[in-house]
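Just below is one structure, and these are the notes that go with it.
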Amino acid sequence: MRLKNIFVGIKEDIKQLESVLTTDDKSNGVISICGMGGLGKTTLATKIYNGEAVQRCFKYRAWVCVSQQFQPKTIFRRLLKQLLPNESEEQDKDTLVRKFYQVQRDRKCLLVLDDVWEVDHWNCLRRAFPIAEADSKVLLTTRNQNIASRGYVHNLKCLDEDEGCELLQKIAFPNNYSQDSYTEIKLLEEYGREIVKKCGYLPLPISVIGGTLHHEKASIEWKNVCRNLDSCLENDKGVNQILDLSYNVLPYNLKLCLLYLACFKEDEEIDIEKLYLLWMGRGESLRDVAERYLFELANRCMVEVEIDKLPLYNRFKSCRLHDMIPDFCLSKGKKEGFLETLNVKNTIRLPNYIYKMRHLRYLFLGFLHESVGGEKLKLEGLNEVEMITGFNSLVDDITHLLKLPKLRVFEGRIFYEESLSMIVDHILNHQEQFRDVQLNIDMGVNMDSEDGSTLLKRLVMCHSLHYLSIAYCRVSKLPTYEVQLYQNVIELQLVDTRIEEDAIKILEKLPMLRVLGLRRNPYMGREMWRVEKGAMPNLSNLVIAKCSKLKMIPDGLEFINTLKTLIIIMSEEFVKRVGVVDGEEGEDYHKIKHIPFIDIYYYD
Ligand SMILES: Nc1ncnc2c1ncn2[C@@H]1O[C@H](COP(=O)(O)OP(=O)(O)O)[C@@H](O)[C@H]1O
Ligand SMILES: [Mg+2]
């Protein structure tokens, strides 16, 4: 399986680069790792970034993937966030850049810019780095020789034959193969050498082919692969050809799963939960299937997975794609007529002609989009659309939404009862159609009345509802838990809902709840909250923020052993009780000390 920890070679590269990075020499303020896609630049940079030498030398480090969709502001924001995690987020670009520059002068930082594509991109970014003025350094990886022309350049080389064979073998036969007959092994080795050569000694294609041949001991199969591989000349087209080969031998459903990955960005850390939802929709048994699919794709080296160290719920923690996979999936999907994707997440003003794209299957809208001309965005006639994210009932035509026959994944923000009621009715009447519904109910929906609570009850009857956020709406009471309600709600966020009843009693029972956010007085009245044994059996993330009525961490929280993350933003008093000051544990500390990741802040 393609786990992150199979490495061959690169020891010398690491040594050299570590030495350049940790030597104070201002003429080497920018260090580039250069070479074609799939050569192992990101892998090498990661090793160095996480290595002891660099960690010792640079206390402040930040990593960002620049990639083709170049957005300077996002890049600076991400980098700064890692250097100064407590800094507030909203800032205009100039302030950001100024701060960013300043930090690098004041402190010794290492900034990694992974996969810089264009000279222009680098020219645009470099002004924000005080190169030659500070002890900070920049490590960048690129395919573009012209970017790497200044500063210290490390041209990464291909693997040599032995390293290539070692990699192929480690991936194809993770558990060795020594018990087999001698002649057979010799044959495999022979074909293996041929394959490595045809892969141009590049780690990416070698991994992918190794994955295709996973556990395959019949030399005839090796021979076939070998024959089908036209020599992979040293360009990206060759790598694509190899991806193609591996793609063609995938079983049909794995093909589909893989093509869905076109929705994600290269190098983005993909949330496993999101991925499973996208593939499968609801249902525990289907979840297992999704997990197996991911396992299969990882075995074939089409994705890279990280195993969860606390495998209580998930076998995998996260998953990542190589740079070339999303593009490959997109072009493949188009060719095969599987998918048409429109990703306008970063476009704010949209021309109102999306509805003409009749083959559209996936539509990703940005959080803040609006339509040019102010008319509601038309969606009518998008008969192939299966997935819409970023819908906004103030901007997009909700009546059109209700006419999309294939829509099965929906994420949107709904204002006003009328819209909410329309959408809830629609989903309830088409339960079989919808796989995954994620709703943000926002201002203007009044659930204080009799009608309001009926509406809410109907909403939580939807099987496909996985995520629900209610923010800045009055809710007098949550529907009481019954078997048919809240069946698949995985995440619930309540913000300023001021529920009058005892909300916790209900929340405790939700069978699938994994993430719970309670912010700004989600409920009133109750000062104490006791967690009973067996309550919230799946909870893994909990946020408690500005709940002024809550005086302390609930008793019994220590029973929820599935909890992995706890974030607290509460009064100083509250916070004092949970922290450890000068080795002295606060009186509530024992309730949370079993949680692996805890973040605590207080507010005035
Ligand atoms: N030295 C190596 N040993 C084993 N596998 C490697 C090595 N270098 C790269 N790989 C694998 O090859 C693939 C491509 O590597 P990556 O670093 O993403 O390439 P690049 O950033 O140059 O495009 C990844 O799956 C990675 O795990
Ligand atoms: Mg890379």
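By convention here, the chains of the structure tokens are called A, B, ... in the order presented, each chain's residues are numbered starting at 1, and ligands are numbered starting at 1 in the order presented.
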Would you write out, as JSON lines, a table of all residues in chain A that have an atom no more than 7 Å from an atom of ligand 1, listing for each the closest atom pair and the distance in Å to one decimal, considering only C-alpha atoms and all ligand atoms and ordering rows by chain and rising residue number?
```
{"residue": "A:Arg2", "atom": "CA", "partner": "ligand 1", "partner_atom_place_in_ligand_line": "27 (O)", "distance": 7.0}
{"residue": "A:Lys4", "atom": "CA", "partner": "ligand 1", "partner_atom_place_in_ligand_line": "27 (O)", "distance": 6.3}
{"residue": "A:Ile6", "atom": "CA", "partner": "ligand 1", "partner_atom_place_in_ligand_line": "4 (C)", "distance": 5.2}
{"residue": "A:Phe7", "atom": "CA", "partner": "ligand 1", "partner_atom_place_in_ligand_line": "3 (N)", "distance": 3.4}
{"residue": "A:Val8", "atom": "CA", "partner": "ligand 1", "partner_atom_place_in_ligand_line": "3 (N)", "distance": 4.0}
{"residue": "A:Gly9", "atom": "CA", "partner": "ligand 1", "partner_atom_place_in_ligand_line": "1 (N)", "distance": 5.3}
{"residue": "A:Ile10", "atom": "CA", "partner": "ligand 1", "partner_atom_place_in_ligand_line": "1 (N)", "distance": 5.3}
{"residue": "A:Gly35", "atom": "CA", "partner": "ligand 1", "partner_atom_place_in_ligand_line": "22 (O)", "distance": 6.5}
{"residue": "A:Met36", "atom": "CA", "partner": "ligand 1", "partner_atom_place_in_ligand_line": "22 (O)", "distance": 6.1}
{"residue": "A:Gly37", "atom": "CA", "partner": "ligand 1", "partner_atom_place_in_ligand_line": "23 (O)", "distance": 3.8}
{"residue": "A:Gly38", "atom": "CA", "partner": "ligand 1", "partner_atom_place_in_ligand_line": "23 (O)", "distance": 3.6}
{"residue": "A:Leu39", "atom": "CA", "partner": "ligand 1", "partner_atom_place_in_ligand_line": "22 (O)", "distance": 3.9}
{"residue": "A:Gly40", "atom": "CA", "partner": "ligand 1", "partner_atom_place_in_ligand_line": "17 (O)", "distance": 3.2}
{"residue": "A:Lys41", "atom": "CA", "partner": "ligand 1", "partner_atom_place_in_ligand_line": "22 (O)", "distance": 3.6}
{"residue": "A:Thr42", "atom": "CA", "partner": "ligand 1", "partner_atom_place_in_ligand_line": "17 (O)", "distance": 3.6}
{"residue": "A:Thr43", "atom": "CA", "partner": "ligand 1", "partner_atom_place_in_ligand_line": "17 (O)", "distance": 3.6}
{"residue": "A:Leu44", "atom": "CA", "partner": "ligand 1", "partner_atom_place_in_ligand_line": "17 (O)", "distance": 6.3}
{"residue": "A:Asp115", "atom": "CA", "partner": "ligand 1", "partner_atom_place_in_ligand_line": "21 (O)", "distance": 7.0}
{"residue": "A:Leu167", "atom": "CA", "partner": "ligand 1", "partner_atom_place_in_ligand_line": "4 (C)", "distance": 6.0}
{"residue": "A:Pro203", "atom": "CA", "partner": "ligand 1", "partner_atom_place_in_ligand_line": "12 (O)", "distance": 4.1}
{"residue": "A:Leu204", "atom": "CA", "partner": "ligand 1", "partner_atom_place_in_ligand_line": "12 (O)", "distance": 3.7}
{"residue": "A:Ser207", "atom": "CA", "partner": "ligand 1", "partner_atom_place_in_ligand_line": "12 (O)", "distance": 6.2}
{"residue": "A:Cys301", "atom": "CA", "partner": "ligand 1", "partner_atom_place_in_ligand_line": "25 (O)", "distance": 6.8}
{"residue": "A:Glu304", "atom": "CA", "partner": "ligand 1", "partner_atom_place_in_ligand_line": "25 (O)", "distance": 6.8}
{"residue": "A:His322", "atom": "CA", "partner": "ligand 1", "partner_atom_place_in_ligand_line": "18 (O)", "distance": 5.4}
{"residue": "A:Asp323", "atom": "CA", "partner": "ligand 1", "partner_atom_place_in_ligand_line": "23 (O)", "distance": 6.3}
```
Show which residues sit within 7 Å of Ala262 (chain A), as a PyMOL selection string. Count only C-alpha atoms, and ignore same-chain residues fewer than 5 positions away.
chain A and resi 326-327+329-330
What does the file look like for those residues with N, CA and C atoms, as a PDB file, in the first residue's frame?
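Contents of out_15.pdb, freshly written:
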```
ATOM      1  N   PRO A 326      -5.628  14.709  -9.876  1.00  0.00           N
ATOM      2  CA  PRO A 326      -6.891  15.399 -10.191  1.00  0.00           C
ATOM      3  C   PRO A 326      -7.031  15.744 -11.664  1.00  0.00           C
ATOM      4  N   ASP A 327      -5.966  16.236 -12.260  1.00  0.00           N
ATOM      5  CA  ASP A 327      -6.025  16.571 -13.679  1.00  0.00           C
ATOM      6  C   ASP A 327      -6.298  15.339 -14.526  1.00  0.00           C
ATOM      7  N   CYS A 329      -7.832  12.634 -13.586  1.00  0.00           N
ATOM      8  CA  CYS A 329      -9.215  12.188 -13.391  1.00  0.00           C
ATOM      9  C   CYS A 329     -10.176  13.066 -14.180  1.00  0.00           C
ATOM     10  N   LEU A 330      -9.886  14.353 -14.152  1.00  0.00           N
ATOM     11  CA  LEU A 330     -10.779  15.278 -14.834  1.00  0.00           C
ATOM     12  C   LEU A 330     -10.789  14.996 -16.325  1.00  0.00           C
TER      13      LEU A 330
END
```
Nearest to ligand 2 among A:Leu456, A:Cys263, A:Leu321, A:Leu125, with distances taken over only C-alpha atoms and all ligand atoms: which residue is it?
A:Leu321
Could you give me, as a PyMOL selection string, the residues within 9 Å of Gly164 (chain A), counting only C-alpha atoms and dropping anything in the same chain fewer than 3 positions from it?
chain A and resi 8+158-161+167-169+192-193+196-197+201-203+206
Atoms to include: C-alpha atoms. Write the selected residues as a PDB file, in the first residue's frame.
```pdb
ATOM      1  CA  VAL A   8      14.320   4.592  -1.419  1.00  0.00           C
ATOM      2  CA  CYS A 158      15.833  10.004 -11.176  1.00  0.00           C
ATOM      3  CA  LEU A 159      16.268   6.839  -9.179  1.00  0.00           C
ATOM      4  CA  ASP A 160      18.999   4.507 -10.273  1.00  0.00           C
ATOM      5  CA  GLU A 161      18.118   1.028 -11.425  1.00  0.00           C
ATOM      6  CA  LEU A 167      10.743   0.598  -4.768  1.00  0.00           C
ATOM      7  CA  LEU A 168       8.801  -1.573  -7.198  1.00  0.00           C
ATOM      8  CA  GLN A 169       9.402  -4.612  -5.052  1.00  0.00           C
ATOM      9  CA  GLY A 192      10.801  -5.595 -12.934  1.00  0.00           C
ATOM     10  CA  ARG A 193      14.018  -4.099 -14.306  1.00  0.00           C
ATOM     11  CA  VAL A 196      11.540   0.417 -13.979  1.00  0.00           C
ATOM     12  CA  LYS A 197      13.384   1.414 -17.113  1.00  0.00           C
ATOM     13  CA  TYR A 201      13.218   5.641 -13.256  1.00  0.00           C
ATOM     14  CA  LEU A 202      10.583   7.978 -11.862  1.00  0.00           C
ATOM     15  CA  PRO A 203       9.152   7.137  -8.415  1.00  0.00           C
ATOM     16  CA  ILE A 206       7.005   3.000 -10.481  1.00  0.00           C
TER      17      ILE A 206
END
```
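If you look at CA of Asn446 (chain A) and CA of Phe367 (chain A), they are 22.6 Å away from each other.
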